[in-house]
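Undergrad: TSV, C-alpha atoms, file structure.tsv:
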chain	number	residue	atom	x	y	z
Z	2	MET	CA	0.00	0.00	0.00
Z	3	THR	CA	1.60	3.30	-1.08
Z	4	ILE	CA	1.71	6.54	0.89
Z	5	PRO	CA	-0.55	8.40	-1.59
Z	6	LEU	CA	-3.21	5.75	-1.17
Z	7	LEU	CA	-2.94	5.95	2.60
Z	8	ILE	CA	-3.32	9.73	2.45
Z	9	TYR	CA	-6.29	9.53	0.07
Z	10	ARG	CA	-8.17	7.05	2.24
Z	11	SER	CA	-7.51	9.05	5.37
Z	12	LEU	CA	-8.71	12.31	3.80
Z	13	ARG	CA	-11.83	10.65	2.47
Z	14	GLN	CA	-12.56	8.99	5.81
Z	15	HIS	CA	-12.27	12.28	7.67
Z	16	ALA	CA	-13.73	14.51	4.94
Z	17	LEU	CA	-15.52	16.96	7.25
Z	18	SER	CA	-12.52	17.78	9.42
Z	19	THR	CA	-10.37	17.93	6.29
Z	20	LEU	CA	-12.66	20.51	4.67
Z	21	VAL	CA	-12.84	22.62	7.83
Z	22	ALA	CA	-9.05	22.67	8.17
Z	23	ALA	CA	-8.63	23.44	4.45
Z	24	ALA	CA	-11.15	26.29	4.73
Z	25	CYS	CA	-9.13	27.81	7.59
Z	26	ILE	CA	-5.98	27.54	5.48
Z	27	ALA	CA	-7.78	29.12	2.50
Z	28	LEU	CA	-9.00	32.05	4.59
Z	29	ALA	CA	-5.56	32.61	6.10
Z	30	CYS	CA	-3.77	32.36	2.76
Z	31	GLY	CA	-6.25	34.60	0.96
Z	32	LEU	CA	-6.23	37.22	3.73
Z	33	LEU	CA	-2.44	37.36	3.92
Z	34	MET	CA	-2.05	37.69	0.14
Z	35	THR	CA	-4.72	40.41	0.02
Z	36	VAL	CA	-3.14	42.47	2.80
Z	37	TRP	CA	0.29	42.21	1.21
Z	38	MET	CA	-0.89	42.97	-2.32
Z	39	VAL	CA	-3.07	45.93	-1.34
Z	40	LYS	CA	-0.17	47.48	0.56
Z	41	ALA	CA	2.34	46.93	-2.25
Z	42	GLN	CA	0.08	47.80	-5.19
Z	43	SER	CA	-1.54	50.88	-3.64
Z	44	GLN	CA	1.85	52.31	-2.72
Z	45	ARG	CA	3.17	51.57	-6.21
Z	46	ALA	CA	0.13	53.21	-7.83
Z	47	PHE	CA	0.36	56.36	-5.70
Z	48	LEU	CA	4.11	56.69	-6.24
Z	49	GLU	CA	3.69	56.20	-9.99
Z	50	MET	CA	1.14	59.00	-10.15
Z	51	SER	CA	3.23	61.38	-8.07
Z	52	THR	CA	6.13	61.15	-10.55
Z	53	SER	CA	4.15	63.04	-13.23
Z	54	PHE	CA	5.07	66.36	-11.57
Z	55	ASP	CA	8.30	67.31	-9.85
Z	56	GLY	CA	6.63	69.53	-7.29
Z	57	VAL	CA	3.56	71.47	-6.21
Z	58	LEU	CA	3.45	75.14	-5.25
Z	59	GLY	CA	0.76	75.97	-2.72
Z	60	PRO	CA	-0.02	78.22	0.24
Z	61	ARG	CA	1.99	78.00	3.43
Z	62	GLY	CA	1.11	74.72	5.08
Z	63	SER	CA	1.77	71.02	5.12
Z	64	GLU	CA	3.51	69.64	2.02
Z	65	GLN	CA	1.55	66.43	2.42
Z	66	GLN	CA	-1.79	68.25	2.46
Z	67	ILE	CA	-0.84	70.29	-0.62
Z	68	VAL	CA	0.16	67.19	-2.61
Z	69	LEU	CA	-2.89	65.17	-1.56
Z	70	ASP	CA	-5.16	68.07	-2.51
Z	71	ALA	CA	-3.54	69.10	-5.80
Z	72	ILE	CA	-2.59	65.69	-7.25
Z	73	PHE	CA	-4.82	63.14	-5.51
Z	74	HIS	CA	-7.88	65.33	-4.78
Z	75	ILE	CA	-8.51	63.70	-1.41
Z	76	GLU	CA	-7.69	66.64	0.87
Z	77	ALA	CA	-9.05	70.14	1.35
Z	78	SER	CA	-6.93	72.99	0.09
Z	79	PRO	CA	-5.07	74.75	2.94
Z	80	GLY	CA	-5.70	78.12	1.27
Z	81	ASN	CA	-5.04	80.11	-1.88
Z	82	ILE	CA	-2.07	81.63	-3.67
Z	83	LYS	CA	-2.00	84.77	-5.79
Z	84	LEU	CA	-2.07	84.75	-9.54
Z	85	SER	CA	1.22	86.65	-9.50
Z	86	ASP	CA	2.82	83.74	-7.61
Z	87	TYR	CA	1.80	81.44	-10.46
Z	88	GLU	CA	3.16	83.82	-13.08
Z	89	ARG	CA	6.45	84.13	-11.20
Z	90	ILE	CA	7.09	80.37	-11.02
Z	91	ARG	CA	5.82	79.89	-14.58
Z	92	ASP	CA	8.48	82.32	-15.83
Z	93	ASN	CA	11.26	80.73	-13.77
Z	94	PRO	CA	14.00	79.41	-16.13
Z	95	ALA	CA	14.14	76.12	-14.23
Z	96	VAL	CA	10.43	75.42	-14.79
Z	97	LYS	CA	9.37	73.46	-17.84
Z	98	THR	CA	5.61	73.45	-17.26
Z	99	ALA	CA	3.38	75.10	-14.67
Z	100	ILE	CA	-0.27	74.04	-14.50
Z	101	PRO	CA	-2.53	76.17	-12.28
Z	102	ILE	CA	-5.53	74.62	-10.56
Z	103	ALA	CA	-8.37	76.00	-8.46
Z	104	THR	CA	-10.62	73.92	-6.22
Z	105	GLY	CA	-13.58	74.68	-4.00
Z	106	ASP	CA	-16.75	73.57	-5.81
Z	107	ASN	CA	-18.54	70.29	-6.31
Z	108	HIS	CA	-21.40	68.63	-8.14
Z	109	GLN	CA	-23.37	66.12	-6.09
Z	110	GLY	CA	-20.29	65.60	-3.93
Z	111	TRP	CA	-17.87	65.12	-6.84
Z	112	ARG	CA	-15.00	67.59	-6.91
Z	113	ILE	CA	-14.87	70.33	-9.54
Z	114	VAL	CA	-11.40	71.58	-10.42
Z	115	GLY	CA	-10.58	74.61	-12.56
Z	116	THR	CA	-7.49	74.30	-14.75
Z	117	VAL	CA	-6.13	74.98	-18.23
Z	118	PRO	CA	-6.40	72.74	-21.33
Z	119	GLU	CA	-2.62	72.21	-21.26
Z	120	LEU	CA	-3.11	69.78	-18.37
Z	121	PHE	CA	-4.69	67.32	-20.82
Z	122	THR	CA	-2.74	68.18	-23.96
Z	123	GLY	CA	0.79	68.78	-22.69
Z	124	THR	CA	1.38	66.73	-19.54
Z	125	GLU	CA	1.42	63.10	-18.40
Z	126	TYR	CA	-0.66	61.78	-15.52
Z	127	ALA	CA	1.97	59.07	-14.99
Z	128	ARG	CA	5.34	58.44	-16.54
Z	129	GLY	CA	4.83	57.73	-20.24
Z	130	LYS	CA	1.02	58.02	-20.03
Z	131	LYS	CA	-0.91	60.99	-21.41
Z	132	TYR	CA	-4.55	61.93	-21.00
Z	133	GLU	CA	-6.89	60.91	-23.80
Z	134	VAL	CA	-10.37	62.17	-24.49
Z	135	ALA	CA	-12.58	59.15	-25.12
Z	136	HIS	CA	-15.59	61.19	-26.25
Z	137	GLY	CA	-15.89	64.82	-27.30
Z	138	LYS	CA	-13.10	67.33	-26.81
Z	139	VAL	CA	-11.20	69.30	-24.19
Z	140	PHE	CA	-12.99	72.43	-23.00
Z	141	SER	CA	-12.04	75.81	-24.45
Z	142	PRO	CA	-10.36	78.29	-22.09
Z	143	GLY	CA	-12.03	81.54	-21.12
Z	144	ALA	CA	-14.18	82.99	-18.37
Z	145	ARG	CA	-17.33	82.76	-20.49
Z	146	THR	CA	-16.75	79.20	-21.60
Z	147	ARG	CA	-19.19	77.00	-19.75
Z	148	GLU	CA	-17.73	73.70	-20.84
Z	149	ALA	CA	-16.41	70.85	-18.74
Z	150	VAL	CA	-14.47	67.63	-19.09
Z	151	ALA	CA	-15.60	64.75	-16.89
Z	152	GLY	CA	-13.40	61.96	-15.59
Z	153	SER	CA	-14.47	58.48	-16.69
Z	154	PHE	CA	-15.55	57.32	-13.22
Z	155	VAL	CA	-17.67	60.36	-12.32
Z	156	ALA	CA	-19.18	60.34	-15.82
Z	157	ARG	CA	-20.29	56.75	-15.33
Z	158	LYS	CA	-21.67	57.41	-11.86
Z	159	LEU	CA	-23.62	60.53	-12.90
Z	160	GLY	CA	-24.62	59.27	-16.34
Z	161	PHE	CA	-22.78	62.07	-18.12
Z	162	VAL	CA	-22.44	62.01	-21.90
Z	163	VAL	CA	-21.18	64.68	-24.26
Z	164	GLY	CA	-23.79	67.44	-24.16
Z	165	SER	CA	-25.01	66.73	-20.62
Z	166	ARG	CA	-25.57	69.82	-18.47
Z	167	PHE	CA	-25.15	70.43	-14.75
Z	168	HIS	CA	-25.10	73.23	-12.16
Z	169	PRO	CA	-21.92	73.38	-10.01
Z	170	GLY	CA	-22.47	73.55	-6.28
Z	171	HIS	CA	-20.63	76.04	-4.12
Z	172	GLY	CA	-18.14	74.60	-1.66
Z	173	PRO	CA	-16.29	71.28	-1.47
Z	174	ALA	CA	-19.27	69.31	-0.12
Z	175	CYS	CA	-22.71	68.69	-1.54
Z	176	ALA	CA	-25.33	70.93	0.10
Z	177	PRO	CA	-28.90	71.54	-1.10
Z	178	GLY	CA	-29.59	75.07	-2.30
Z	179	CYS	CA	-25.92	76.00	-2.80
Z	180	GLU	CA	-25.81	75.62	-6.57
Z	181	HIS	CA	-24.40	78.35	-8.81
Z	182	ALA	CA	-26.68	79.96	-11.35
Z	183	GLY	CA	-24.42	79.20	-14.30
Z	184	GLU	CA	-25.00	75.93	-16.17
Z	185	TYR	CA	-22.12	73.92	-17.62
Z	186	LYS	CA	-22.10	71.53	-20.57
Z	187	ILE	CA	-19.99	68.38	-20.79
Z	188	ALA	CA	-17.66	68.90	-23.77
Z	189	GLY	CA	-15.64	65.74	-23.31
Z	190	ILE	CA	-15.14	62.61	-21.24
Z	191	LEU	CA	-11.66	61.38	-20.42
Z	192	ALA	CA	-10.55	57.86	-21.14
Z	193	PRO	CA	-10.01	55.83	-17.93
Z	194	THR	CA	-6.66	56.55	-16.28
Z	195	ASN	CA	-7.06	54.65	-12.99
Z	196	THR	CA	-6.07	57.86	-11.19
Z	197	PRO	CA	-7.99	60.44	-9.11
Z	198	ALA	CA	-8.52	62.39	-12.36
Z	199	ASP	CA	-11.29	59.89	-13.12
Z	200	ARG	CA	-13.29	61.25	-10.15
Z	201	VAL	CA	-13.01	64.94	-11.07
Z	202	ILE	CA	-15.08	67.30	-13.19
Z	203	TRP	CA	-12.69	69.70	-14.91
Z	204	ILE	CA	-13.70	73.21	-16.00
Z	205	PRO	CA	-11.80	76.24	-17.37
Z	206	LEU	CA	-9.71	78.00	-14.73
Z	207	ALA	CA	-11.06	81.45	-15.61
Z	208	GLY	CA	-14.62	80.22	-15.23
Z	209	MET	CA	-13.82	78.87	-11.76
Z	210	GLN	CA	-12.23	82.14	-10.66
Z	211	ASN	CA	-14.92	84.47	-11.99
Z	212	ARG	CA	-18.03	82.47	-11.25
Z	213	ALA	CA	-20.90	84.29	-9.59
Z	214	GLY	CA	-21.07	83.58	-5.91
Z	215	HIS	CA	-17.32	83.52	-5.28
Z	216	ASP	CA	-15.90	86.30	-3.18
Z	217	ALA	CA	-14.33	89.05	-5.26
Z	218	PRO	CA	-10.97	88.99	-3.40
Z	219	GLY	CA	-10.61	85.29	-4.19
Z	220	GLN	CA	-11.26	85.57	-7.90
Z	221	PRO	CA	-7.67	86.13	-9.05
Z	222	GLU	CA	-6.32	83.41	-6.76
Z	223	LEU	CA	-5.43	79.74	-7.24
Z	224	SER	CA	-5.31	76.68	-5.04
Z	225	ALA	CA	-1.96	75.33	-6.27
Z	226	VAL	CA	0.41	75.05	-9.23
Z	227	LEU	CA	1.62	71.72	-10.58
Z	228	VAL	CA	5.25	72.07	-11.63
Z	229	GLN	CA	7.49	70.16	-14.02
Z	230	LEU	CA	11.18	71.11	-14.06
Z	231	HIS	CA	13.78	70.99	-16.81
Z	232	ALA	CA	16.15	69.39	-14.30
Z	233	PRO	CA	14.58	67.84	-11.18
Z	234	PRO	CA	17.54	68.79	-8.91
Z	235	ALA	CA	16.47	72.43	-9.37
Z	236	GLY	CA	13.55	71.62	-7.12
Z	237	ALA	CA	15.80	71.79	-4.06
Z	238	LEU	CA	16.65	75.41	-4.91
Z	239	LEU	CA	12.98	76.28	-5.39
Z	240	GLN	CA	12.19	74.64	-2.08
Z	241	GLN	CA	14.78	76.80	-0.32
Z	242	GLN	CA	13.45	79.86	-2.11
Z	243	TYR	CA	9.77	79.39	-1.28
Z	244	ASN	CA	9.88	77.59	2.07
Z	245	GLY	CA	11.71	80.34	3.93
Z	246	ARG	CA	10.69	81.31	7.40
Z	247	ASP	CA	8.87	84.49	6.39
Z	248	GLY	CA	7.35	83.23	3.15
Z	249	HIS	CA	3.67	82.78	2.42
Z	250	LEU	CA	4.14	79.85	0.02
Z	251	THR	CA	5.17	76.20	0.25
Z	252	PHE	CA	6.91	74.31	-2.53
Z	253	ALA	CA	6.39	70.58	-2.08
Z	254	TYR	CA	9.43	69.26	-3.91
Z	255	SER	CA	9.47	65.61	-4.97
Z	256	ALA	CA	5.82	64.67	-4.67
Z	257	SER	CA	6.84	61.00	-4.70
Z	258	LYS	CA	8.88	61.54	-1.52
Z	259	VAL	CA	5.90	63.25	0.10
Z	260	VAL	CA	3.72	60.27	-0.83
Z	261	ALA	CA	6.36	57.86	0.48
Z	262	ASP	CA	6.41	59.76	3.78
Z	263	PHE	CA	2.61	59.57	3.87
Z	264	PHE	CA	2.70	55.79	3.50
Z	265	ASP	CA	5.40	55.58	6.18
Z	266	ARG	CA	3.08	57.42	8.56
Z	267	ILE	CA	0.25	54.95	8.01
Z	268	SER	CA	2.51	51.89	7.78
Z	269	TRP	CA	1.42	50.89	11.29
Z	270	PHE	CA	-2.03	50.10	9.90
Z	271	GLY	CA	-0.52	47.70	7.36
Z	272	ARG	CA	1.53	46.07	10.11
Z	273	VAL	CA	-1.61	45.59	12.21
Z	274	LEU	CA	-3.40	43.93	9.29
Z	275	ALA	CA	-0.36	41.76	8.59
Z	276	LEU	CA	-0.25	40.75	12.27
Z	277	VAL	CA	-3.93	39.78	12.11
Z	278	ALA	CA	-3.23	37.75	8.97
Z	279	VAL	CA	-0.28	35.98	10.63
Z	280	ILE	CA	-2.45	35.13	13.63
Z	281	VAL	CA	-5.04	33.66	11.27
Z	282	VAL	CA	-2.23	31.64	9.63
Z	283	LEU	CA	-1.16	30.26	12.99
Z	284	VAL	CA	-4.76	29.40	13.85
Z	285	ALA	CA	-5.12	27.67	10.49
Z	286	ALA	CA	-1.95	25.64	11.07
Z	287	GLY	CA	-3.31	24.77	14.50
Z	288	SER	CA	-6.56	23.60	12.93
Z	289	VAL	CA	-4.61	21.16	10.75
Z	290	LEU	CA	-2.78	19.87	13.82
Z	291	ALA	CA	-6.00	19.55	15.82
Z	292	SER	CA	-7.84	17.87	12.95
Z	293	ILE	CA	-5.27	15.14	12.43
Z	294	TYR	CA	-4.25	14.78	16.07
Z	295	ALA	CA	-7.86	14.29	17.17
Z	296	SER	CA	-8.25	11.46	14.67
Z	297	MET	CA	-5.15	9.61	15.87
Z	298	SER	CA	-6.97	7.80	18.66
Z	299	ALA	CA	-9.51	6.40	16.21
Z	300	ARG	CA	-6.78	5.52	13.74
Z	301	GLN	CA	-4.39	3.75	16.12
Z	302	ARG	CA	-5.67	0.29	15.27
Z	303	ASP	CA	-5.45	0.99	11.52
Z	304	ILE	CA	-1.89	2.21	11.98
Z	305	ALA	CA	-1.02	-0.87	14.05
Z	306	ILE	CA	-2.41	-3.14	11.32
Z	307	LEU	CA	-0.31	-1.34	8.71
Z	308	ARG	CA	2.75	-1.81	10.89
Z	309	ALA	CA	1.93	-5.48	11.33
Z	310	LEU	CA	1.64	-5.84	7.55
Z	311	GLY	CA	5.17	-4.51	7.12
Z	312	ALA	CA	4.88	-0.74	7.07
Z	313	ARG	CA	7.82	0.91	8.77
Z	314	ARG	CA	7.56	3.64	11.40
Z	315	GLU	CA	9.11	6.12	8.96
Z	316	THR	CA	6.42	5.30	6.39
Z	317	VAL	CA	3.62	5.98	8.86
Z	318	PHE	CA	5.31	9.19	10.02
Z	319	SER	CA	5.72	10.40	6.42
Z	320	ALA	CA	2.11	9.54	5.57
Z	321	VAL	CA	0.76	11.69	8.40
Z	322	VAL	CA	3.04	14.64	7.55
Z	323	PHE	CA	2.15	14.43	3.87
Z	324	GLU	CA	-1.52	14.26	4.80
Z	325	ALA	CA	-1.16	17.55	6.67
Z	326	MET	CA	0.66	19.02	3.66
Z	327	MET	CA	-2.13	17.90	1.32
Z	328	ILE	CA	-4.74	19.60	3.52
Z	329	ALA	CA	-2.64	22.78	3.52
Z	330	ALA	CA	-2.10	22.55	-0.25
Z	331	LEU	CA	-5.85	22.18	-0.82
Z	332	GLY	CA	-6.44	25.22	1.38
Z	333	ALA	CA	-3.71	27.21	-0.40
Z	334	VAL	CA	-5.30	26.54	-3.79
Z	335	CYS	CA	-8.70	27.61	-2.49
Z	336	GLY	CA	-6.94	30.61	-0.93
Z	337	PHE	CA	-6.58	32.10	-4.41
Z	338	VAL	CA	-10.38	32.13	-4.69
Z	339	VAL	CA	-10.59	33.96	-1.35
Z	340	TYR	CA	-7.83	36.31	-2.50
Z	341	PHE	CA	-9.55	37.28	-5.76
Z	342	VAL	CA	-12.88	37.86	-3.98
Z	343	LEU	CA	-11.34	39.99	-1.24
Z	344	MET	CA	-9.03	41.82	-3.64
Z	345	ALA	CA	-11.86	42.68	-6.01
Z	346	GLY	CA	-13.85	44.21	-3.15
Z	347	VAL	CA	-10.91	46.17	-1.73
Z	348	VAL	CA	-9.83	47.42	-5.17
Z	349	GLU	CA	-13.32	48.72	-5.89
Z	350	LEU	CA	-13.43	50.44	-2.49
Z	351	ILE	CA	-10.07	52.14	-3.12
Z	352	ARG	CA	-11.20	53.19	-6.57
Z	353	VAL	CA	-14.43	54.70	-5.26
Z	354	GLN	CA	-12.69	56.57	-2.43
Z	355	THR	CA	-9.52	57.74	-4.21
Z	356	GLY	CA	-9.92	57.04	-7.92
Z	357	VAL	CA	-6.70	55.01	-7.89
Z	358	GLY	CA	-7.02	51.76	-9.82
Z	359	ILE	CA	-5.10	48.71	-8.62
Z	360	PRO	CA	-4.85	45.61	-10.83
Z	361	VAL	CA	-6.41	42.56	-9.20
Z	362	ALA	CA	-4.27	40.06	-11.13
Z	363	ALA	CA	-0.93	41.85	-10.75
Z	364	TRP	CA	2.15	39.70	-10.12
Z	365	HIS	CA	3.98	39.72	-6.82
Z	366	PRO	CA	6.28	37.13	-5.18
Z	367	VAL	CA	3.83	36.86	-2.26
Z	368	LEU	CA	1.53	34.90	-4.58
Z	369	VAL	CA	4.17	32.15	-4.58
Z	370	TRP	CA	5.79	32.21	-1.18
Z	371	CYS	CA	2.52	32.59	0.73
Z	372	PRO	CA	0.95	29.32	-0.57
Z	373	LEU	CA	4.29	27.55	-0.17
Z	374	GLY	CA	4.57	28.92	3.34
Z	375	MET	CA	1.09	27.64	4.14
Z	376	VAL	CA	2.10	24.17	2.96
Z	377	ALA	CA	5.20	24.39	5.18
Z	378	PHE	CA	3.06	25.45	8.15
Z	379	GLY	CA	0.74	22.55	7.39
Z	380	ALA	CA	3.65	20.13	7.43
Z	381	LEU	CA	4.79	21.61	10.74
Z	382	GLY	CA	1.30	21.16	12.12
Z	383	GLY	CA	1.41	17.49	11.09
Z	384	VAL	CA	4.59	16.72	13.01
Z	385	ALA	CA	2.90	16.25	16.40
Z	386	PRO	CA	0.25	13.76	15.17
Z	387	ALA	CA	2.95	12.04	13.07
Z	388	ILE	CA	5.04	11.51	16.22
Z	389	LYS	CA	1.99	10.06	17.92
Z	390	ALA	CA	1.44	7.71	14.97
Z	391	TYR	CA	5.16	6.83	15.01
Z	392	ARG	CA	4.88	5.72	18.67
Z	393	VAL	CA	1.76	3.53	18.30
Z	394	PRO	CA	2.55	0.23	20.10
Z	395	VAL	CA	1.64	-2.52	17.63
Z	396	ALA	CA	1.38	-5.47	20.04
Z	397	LEU	CA	-0.58	-3.56	22.68
Z	398	THR	CA	-2.94	-2.02	20.17
Z	399	LEU	CA	-3.69	-5.32	18.39
Z	400	SER	CA	-4.07	-7.38	21.55
Z	401	PRO	CA	-7.57	-8.71	22.28
Z	402	MET	CA	-9.77	-6.31	24.26
Z	403	SER	CA	-10.73	-9.12	26.72
For this file, write the structure as structure tokens.
TA:
Amino acid sequence: MTIPLLIYRSLRQHALSTLVAAACIALACGLLMTVWMVKAQSQRAFLEMSTSFDGVLGPRGSEQQIVLDAIFHIEASPGNIKLSDYERIRDNPAVKTAIPIATGDNHQGWRIVGTVPELFTGTEYARGKKYEVAHGKVFSPGARTREAVAGSFVARKLGFVVGSRFHPGHGPACAPGCEHAGEYKIAGILAPTNTPADRVIWIPLAGMQNRAGHDAPGQPELSAVLVQLHAPPAGALLQQQYNGRDGHLTFAYSASKVVADFFDRISWFGRVLALVAVIVVLVAAGSVLASIYASMSARQRDIAILRALGARRETVFSAVVFEAMMIAALGAVCGFVVYFVLMAGVVELIRVQTGVGIPVAAWHPVLVWCPLGMVAFGALGGVAPAIKAYRVPVALTLSPMS
């Protein structure tokens, strides 16, 4: 009788406990892979987006808040900067491109951002990736132009098509009765970018500044300026220039570094989730041990008969360990199902909240070492019952009961 046949018969005989243990392994494996992948892929996606601009010029305040507001559209603007500040940095010899933006309005809770057409025609939202208009065209600049470009996600959620009309609401949050009198028409819809730009309604900068209902002193002001440099090292000089003690501006140089610092600040949350996943892994390995160990008492006579028929102690020991590994392997395979279900839900949640798209089927070494690690933990959990099977006394076990 071969070891595979012994394992097969044992698994079939104890099918219920086998399935329960495999389900625990699947949950642990799927949870651990999801936590690891979400952490790695979200950080990669945010860092990739932040490399499209070398820096952000904003009002005096936190660099992190300025970057999250201007690039990721998930923070409130800390204030405004003057139009002359934009013109000054735009004319700086070290600056290649300067894109002004103005925030402060919304439509049904979706952010409205005023900018210039050059954002879509002359810049990249990620390295090597440019904006594309899937339907229609980019809005025309000008204070009297009431055209807008909708991101793909917000267009789908609001049912926007080219020619759709809407009334912008005053302020960053949706509030009944706070709509502006002017009506805007959707001139174009962006192709999906898997970035926060998909969640934004873009309008001409001049229209944002001069819209009825905005305070007159704030009309010639901006929220921030997105900056691309001819030579990125020049950003350190601009940072020294603008971030002086008595200045009223902040230049957030190296947006990718700011994002990396942001992830470092919230890394404790990832460690907590990873710790929870590891605990689940240990519980799953314990379930394999408990499942097989509990069946040893009922299987002692079968083991003694095998020994009497010529099976060696090492054979019995190996059979029990391999049985534990098979349970873990079954759970690891099913863990990919758990992973894809959990990952799909988390990815959609991240996309809804931030606009950042994370690929569900992206490759990462954790998709290999995690299942292999689960199999190793399963084998470790099978050692204790294997030792018990190894020590089964053949003569005493097979002796008559009376």
Undergrad: Please report the interatomic distance between CA of Glu125 in chain Z and CA of Ala207 in chain Z in Å with one decimal.
TA: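 The value is 22.4 Å.
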Undergrad: Using only C-alpha atoms, which residue out of Z:Arg91, Z:Val96, Z:Lys83, Z:Phe270 lies closest to Gly236 in chain Z?
TA: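 Among the listed residues, the smallest separation from Gly236 in chain Z belongs to Z:Val96.
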Undergrad: Here is a test: counting all atoms listed in the file, which residue of Z:Gly356, Z:Pro142, Z:Gly336, Z:Gly382 is nearest to Arg112 in chain Z?
TA: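 Using all atoms listed in the file, Arg112 in chain Z sits closest to Z:Gly356.
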Undergrad: Find the residue from Z:Leu368, Z:Ser268, Z:Ala325, Z:Phe378 that sits nearest to Tyr9 in chain Z; use all atoms listed in the file when measuring.
TA: Z:Ala325
Undergrad: Extract, using all atoms listed in the file, all DNA, RNA and protein residues at most 7 Å from range 369-374 of chain Z, discarding same-chain residues fewer than 4 positions from it, and format them as a list in words.
TA: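 These residues fall inside the cut-off: Cys30, Met34, Ala333 and Phe378 of chain Z.
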Undergrad: Out of Z:Ser18, Z:Gln241, Z:Thr116, Z:Gln354, which residue has the shortest atom-to-atom distance to Thr104 in chain Z when counting all atoms listed in the file?
TA: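 Closest residue, counting all atoms listed in the file: Z:Thr116.
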Undergrad: Nearest to Glu184 in chain Z among Z:Gly271, Z:Val162, Z:Gly170, Z:Pro197, with distances taken over only C-alpha atoms: which residue is it?
TA: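 Closest candidate: Z:Gly170.
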Undergrad: Just how far from CA of Ser53 in chain Z is CA of Ile100 in chain Z, in Å to one decimal?
TA: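 Taking CA of Ile100 in chain Z and CA of Ser53 in chain Z, their separation equals 11.9 Å.
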Undergrad: May I have the protein, DNA and RNA residues with an atom at most 9 Å from (-5.4, 26.2, 4.3), counting only C-alpha atoms in the file's coordinates, returned as a list in words?
TA: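 Nearby residues: Val21, Ala22, Ala23, Ala24, Cys25, Ile26, Ala27, Leu28, Ala29, Cys30, Val282, Ala285, Ala286, Val289, Ile328, Ala329, Ala330, Leu331, Gly332, Ala333, Val334, Cys335, Gly336, Pro372, Met375, Val376 and Gly379 of chain Z.
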Undergrad: For the selection just defined, write its residues with C-alpha atoms to a file, as an mmCIF file, keeping the file's coordinate frame.
TA:
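This is the output file again.cif:
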data_model
loop_
_atom_site.group_PDB
_atom_site.id
_atom_site.type_symbol
_atom_site.label_atom_id
_atom_site.label_comp_id
_atom_site.auth_asym_id
_atom_site.auth_seq_id
_atom_site.Cartn_x
_atom_site.Cartn_y
_atom_site.Cartn_z
ATOM 1 C CA VAL Z 21 -12.840 22.620 7.830
ATOM 2 C CA ALA Z 22 -9.050 22.670 8.170
ATOM 3 C CA ALA Z 23 -8.630 23.440 4.450
ATOM 4 C CA ALA Z 24 -11.150 26.290 4.730
ATOM 5 C CA CYS Z 25 -9.130 27.810 7.590
ATOM 6 C CA ILE Z 26 -5.980 27.540 5.480
ATOM 7 C CA ALA Z 27 -7.780 29.120 2.500
ATOM 8 C CA LEU Z 28 -9.000 32.050 4.590
ATOM 9 C CA ALA Z 29 -5.560 32.610 6.100
ATOM 10 C CA CYS Z 30 -3.770 32.360 2.760
ATOM 11 C CA VAL Z 282 -2.230 31.640 9.630
ATOM 12 C CA ALA Z 285 -5.120 27.670 10.490
ATOM 13 C CA ALA Z 286 -1.950 25.640 11.070
ATOM 14 C CA VAL Z 289 -4.610 21.160 10.750
ATOM 15 C CA ILE Z 328 -4.740 19.600 3.520
ATOM 16 C CA ALA Z 329 -2.640 22.780 3.520
ATOM 17 C CA ALA Z 330 -2.100 22.550 -0.250
ATOM 18 C CA LEU Z 331 -5.850 22.180 -0.820
ATOM 19 C CA GLY Z 332 -6.440 25.220 1.380
ATOM 20 C CA ALA Z 333 -3.710 27.210 -0.400
ATOM 21 C CA VAL Z 334 -5.300 26.540 -3.790
ATOM 22 C CA CYS Z 335 -8.700 27.610 -2.490
ATOM 23 C CA GLY Z 336 -6.940 30.610 -0.930
ATOM 24 C CA PRO Z 372 0.950 29.320 -0.570
ATOM 25 C CA MET Z 375 1.090 27.640 4.140
ATOM 26 C CA VAL Z 376 2.100 24.170 2.960
ATOM 27 C CA GLY Z 379 0.740 22.550 7.390
#
Undergrad: Please report the interatomic distance between CA of Ala275 in chain Z and CA of Glu76 in chain Z in Å with one decimal.
TA: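 Taking CA of Ala275 in chain Z as the start and CA of Glu76 in chain Z as the end point, the length is 27.1 Å.
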Undergrad: For Thr124 in chain Z, please output as a list in words all residues within 9 Å (counting all atoms listed in the file; exclusion window: fewer than 5 positions along the same chain).
TA: Ser53, Phe54, Thr98, Glu119, Lys130, Lys131, Tyr132 and Gln229 of chain Z
